[in-house]
Amino acid sequence: MPSLLLVIFAIELVVQLVNTIGATAINDLIWRCYLTLPTPLAKQFADQRQKQKEYMTVRHELKATSSQDEFAKWAKLRRQHDKLLDELEKKKSALDASRTRFDRYLTTVRITSTRGVQWLLPMWFGKAPMFWLPYGWFPYYVEWFASFPRAPLGSVSITVWQWACTGMLALLMEAAQFDAKSFMAGAEILQHYVR
């Protein structure tokens with residue numbers, strides 16, 4: 001079994017990555033991956049794309065046909081256009097409902113596997129020390145705070161370890177974002193001077 005220190009750190013890292021990247025972007029990526037699998041839903045999306053191509057072809061022909069000069073052809077294309085449009089709207093509403101269910105499921109799994117574990121572990125291991133501070137190095141109030149809320153005095157509690165991991169990872173993510181933005185700005189300035 002992996003060390004509880006590493007488990008807490010890994011959970012906090014995942015939470016920070018989700019917060020930095022964004023839950024919507026992660027859901028979109030997983031949705032696209034899911035649609036590449038051979039599932040009935042992927043087949044429905046492929047059918048919808050095929051119908052969309054047909055619709056665009058008919059629409060292009062309809063725009064190219066004069067309603068006054070070639071009325072019979074125009075009327076036939078118009079009926080076909082309207083029929084395809086109705087079919088596309090029905091399929092789109094059904095597929096949007098599937099996407100909503102998928103997003104709801106992913107959100108539940110994500111919250112349970114990250115935030116749920118963040119709350120459950122401190123309740124379960126609240127009295128267990130993560131590690132011990134060297135005896136006599138810190139004053140009483142520092143040892144008391146490090147063991148907050150229920151760990152033995154002189155140890156670091158799981159709650160304080162979570163706070164420390166969260167704070168450190170948040171600072172690292174912010175620094176990485178700042179460095180990336182600075183790098184991109186520098187690249188744009190350099191590109192301006194190269195031209």
# chains A, B, ... in the order shown; residues from 1 in each chain; ligands from 1
call {"tool": "closest_atom_pairs", "arguments": {"of": "range 15-107 of chain A", "to": "range 113-123 of chain A", "cutoff": "12 Å", "atoms": "only C-alpha atoms", "output": "tab-separated table"}}
result
residue	atom	partner	partner_atom	distance
A:Val15	CA	A:Thr114	CA	6.3
A:Gln16	CA	A:Thr114	CA	10.1
A:Leu17	CA	A:Thr114	CA	11.2
A:Val18	CA	A:Thr114	CA	9.6
A:Asn19	CA	A:Thr114	CA	11.3
A:Leu106	CA	A:Ser113	CA	10.4
A:Thr107	CA	A:Ser113	CA	9.8
call {"tool": "select_by_dssp", "arguments": {"residues": "range 1-187 of chain A", "states": "alpha helix (DSSP H)", "output": "CSV table (one decimal) with C-alpha atoms, in the first residue's frame"}}
result
chain,number,residue,atom,x,y,z
A,4,LEU,CA,-0.6,8.1,3.0
A,5,LEU,CA,1.7,11.1,2.5
A,6,LEU,CA,2.0,10.2,-1.2
A,7,VAL,CA,-1.8,9.4,-1.5
A,8,ILE,CA,-2.7,12.8,-0.1
A,9,PHE,CA,-0.1,14.6,-2.3
A,10,ALA,CA,-1.4,12.7,-5.4
A,11,ILE,CA,-5.1,13.6,-4.6
A,12,GLU,CA,-4.1,17.3,-4.1
A,13,LEU,CA,-2.1,17.2,-7.4
A,14,VAL,CA,-5.1,15.9,-9.3
A,15,VAL,CA,-7.4,18.5,-7.8
A,16,GLN,CA,-5.0,21.3,-8.7
A,17,LEU,CA,-4.7,20.0,-12.3
A,18,VAL,CA,-8.5,19.8,-12.6
A,19,ASN,CA,-8.7,23.3,-11.3
A,20,THR,CA,-6.0,24.6,-13.6
A,21,ILE,CA,-7.0,22.8,-16.8
A,23,ALA,CA,-13.4,20.5,-15.7
A,24,THR,CA,-15.2,21.4,-19.0
A,25,ALA,CA,-12.0,20.9,-21.0
A,26,ILE,CA,-11.4,17.5,-19.3
A,27,ASN,CA,-15.0,16.5,-19.9
A,28,ASP,CA,-14.7,17.5,-23.6
A,29,LEU,CA,-11.5,15.4,-24.0
A,30,ILE,CA,-13.0,12.4,-22.4
A,31,TRP,CA,-16.2,12.8,-24.5
A,32,ARG,CA,-14.1,12.9,-27.7
A,33,CYS,CA,-12.2,9.8,-26.6
A,34,TYR,CA,-15.5,8.0,-25.7
A,35,LEU,CA,-16.9,8.8,-29.2
A,36,THR,CA,-13.9,7.1,-30.8
A,40,PRO,CA,-24.0,2.8,-30.2
A,41,LEU,CA,-23.7,6.5,-29.3
A,42,ALA,CA,-20.6,6.9,-31.5
A,43,LYS,CA,-22.6,5.3,-34.4
A,44,GLN,CA,-25.4,7.8,-33.8
A,45,PHE,CA,-23.0,10.7,-34.0
A,46,ALA,CA,-21.5,9.3,-37.2
A,47,ASP,CA,-25.1,9.0,-38.6
A,48,GLN,CA,-25.7,12.6,-37.6
A,49,ARG,CA,-22.5,13.8,-39.3
A,50,GLN,CA,-23.6,11.9,-42.4
A,51,LYS,CA,-27.1,13.6,-42.3
A,52,GLN,CA,-25.4,16.9,-41.8
A,53,LYS,CA,-23.3,16.4,-45.0
A,54,GLU,CA,-26.5,15.5,-46.9
A,55,TYR,CA,-28.2,18.5,-45.5
A,56,MET,CA,-25.4,20.8,-46.5
A,57,THR,CA,-25.4,19.3,-50.0
A,58,VAL,CA,-29.1,19.8,-50.4
A,59,ARG,CA,-28.9,23.3,-49.0
A,60,HIS,CA,-26.1,24.3,-51.4
A,61,GLU,CA,-28.2,22.9,-54.3
A,62,LEU,CA,-31.3,24.8,-53.1
A,63,LYS,CA,-29.4,28.1,-53.0
A,64,ALA,CA,-28.0,27.4,-56.5
A,71,PHE,CA,-39.8,25.7,-59.5
A,72,ALA,CA,-40.4,21.9,-59.6
A,73,LYS,CA,-36.8,21.2,-58.8
A,74,TRP,CA,-36.7,24.0,-56.2
A,75,ALA,CA,-39.9,22.7,-54.5
A,76,LYS,CA,-38.5,19.1,-54.4
A,77,LEU,CA,-35.2,20.3,-52.9
A,78,ARG,CA,-37.1,22.5,-50.4
A,79,ARG,CA,-39.1,19.6,-49.1
A,80,GLN,CA,-36.0,17.5,-48.9
A,81,HIS,CA,-34.2,20.4,-47.1
A,82,ASP,CA,-37.0,20.7,-44.6
A,83,LYS,CA,-37.2,17.0,-43.9
A,84,LEU,CA,-33.4,16.7,-43.3
A,85,LEU,CA,-33.5,19.8,-41.1
A,86,ASP,CA,-36.3,18.2,-38.9
A,87,GLU,CA,-34.4,15.0,-38.7
A,88,LEU,CA,-31.2,16.8,-37.7
A,89,GLU,CA,-32.9,18.8,-35.0
A,90,LYS,CA,-34.4,15.6,-33.5
A,91,LYS,CA,-31.1,13.8,-33.5
A,92,LYS,CA,-29.3,16.8,-32.1
A,93,SER,CA,-31.7,17.1,-29.2
A,94,ALA,CA,-31.3,13.3,-28.4
A,95,LEU,CA,-27.5,13.5,-28.7
A,96,ASP,CA,-27.5,16.7,-26.5
A,97,ALA,CA,-29.4,14.8,-23.9
A,98,SER,CA,-26.8,12.0,-24.0
A,99,ARG,CA,-24.0,14.5,-23.7
A,100,THR,CA,-25.7,16.1,-20.6
A,101,ARG,CA,-26.0,12.6,-19.0
A,102,PHE,CA,-22.4,11.9,-19.7
A,103,ASP,CA,-21.3,15.2,-18.2
A,104,ARG,CA,-23.4,14.7,-15.1
A,105,TYR,CA,-21.9,11.2,-14.7
A,106,LEU,CA,-18.3,12.5,-15.1
A,107,THR,CA,-18.9,15.3,-12.7
A,108,THR,CA,-20.2,12.9,-10.1
A,109,VAL,CA,-17.2,10.6,-10.6
A,110,ARG,CA,-14.7,13.5,-10.5
A,111,ILE,CA,-16.2,15.1,-7.3
A,117,VAL,CA,-11.6,11.5,-0.8
A,118,GLN,CA,-10.3,14.9,0.4
A,119,TRP,CA,-13.0,14.9,3.1
A,120,LEU,CA,-13.0,11.2,3.9
A,121,LEU,CA,-9.3,10.7,4.5
A,122,PRO,CA,-9.0,13.3,7.3
A,123,MET,CA,-12.1,11.9,9.0
A,124,TRP,CA,-10.7,8.3,8.8
A,140,TYR,CA,4.5,24.2,21.9
A,141,TYR,CA,2.1,26.4,19.8
A,142,VAL,CA,3.8,25.2,16.5
A,143,GLU,CA,3.6,21.6,17.6
A,144,TRP,CA,-0.1,22.1,18.6
A,145,PHE,CA,-0.9,23.8,15.2
A,146,ALA,CA,0.9,21.0,13.2
A,158,ILE,CA,-3.3,14.8,7.9
A,159,THR,CA,-5.3,18.0,7.7
A,160,VAL,CA,-2.1,20.2,8.0
A,161,TRP,CA,-0.4,18.0,5.5
A,162,GLN,CA,-3.3,18.5,3.1
A,163,TRP,CA,-3.1,22.3,3.6
A,164,ALA,CA,0.7,22.2,3.0
A,165,CYS,CA,0.3,20.2,-0.2
A,166,THR,CA,-2.5,22.4,-1.5
A,167,GLY,CA,-0.6,25.6,-0.8
A,168,MET,CA,2.6,24.4,-2.4
A,169,LEU,CA,0.8,23.0,-5.5
A,170,ALA,CA,-1.3,26.1,-5.9
A,171,LEU,CA,1.9,28.2,-5.8
A,172,LEU,CA,3.6,25.9,-8.3
A,173,MET,CA,0.6,26.0,-10.7
A,174,GLU,CA,0.5,29.8,-10.5
A,175,ALA,CA,4.2,30.1,-11.2
A,176,ALA,CA,3.9,27.7,-14.1
A,177,GLN,CA,1.0,29.7,-15.6
A,178,PHE,CA,2.9,32.9,-15.1
A,179,ASP,CA,6.0,31.5,-16.7
A,180,ALA,CA,4.0,30.2,-19.7
A,181,LYS,CA,2.3,33.6,-20.1
A,182,SER,CA,5.7,35.4,-19.9
A,183,PHE,CA,7.2,32.9,-22.4
A,184,MET,CA,4.3,33.5,-24.8
A,185,ALA,CA,4.6,37.3,-24.5
A,186,GLY,CA,8.3,37.1,-25.0
A,187,ALA,CA,7.9,34.9,-28.1
call {"tool": "closest_residue", "arguments": {"among": "A:Ser155, A:Glu188, A:Thr65, A:Ser147", "to": "Tyr135 in chain A", "atoms": "only C-alpha atoms"}}
result
A:Ser155
call {"tool": "select_by_dssp", "arguments": {"residues": "range 34-156 of chain A", "states": "strand (DSSP E)", "output": "VMD selection string"}}
result
chain A and resid 131 to 132 155 to 156
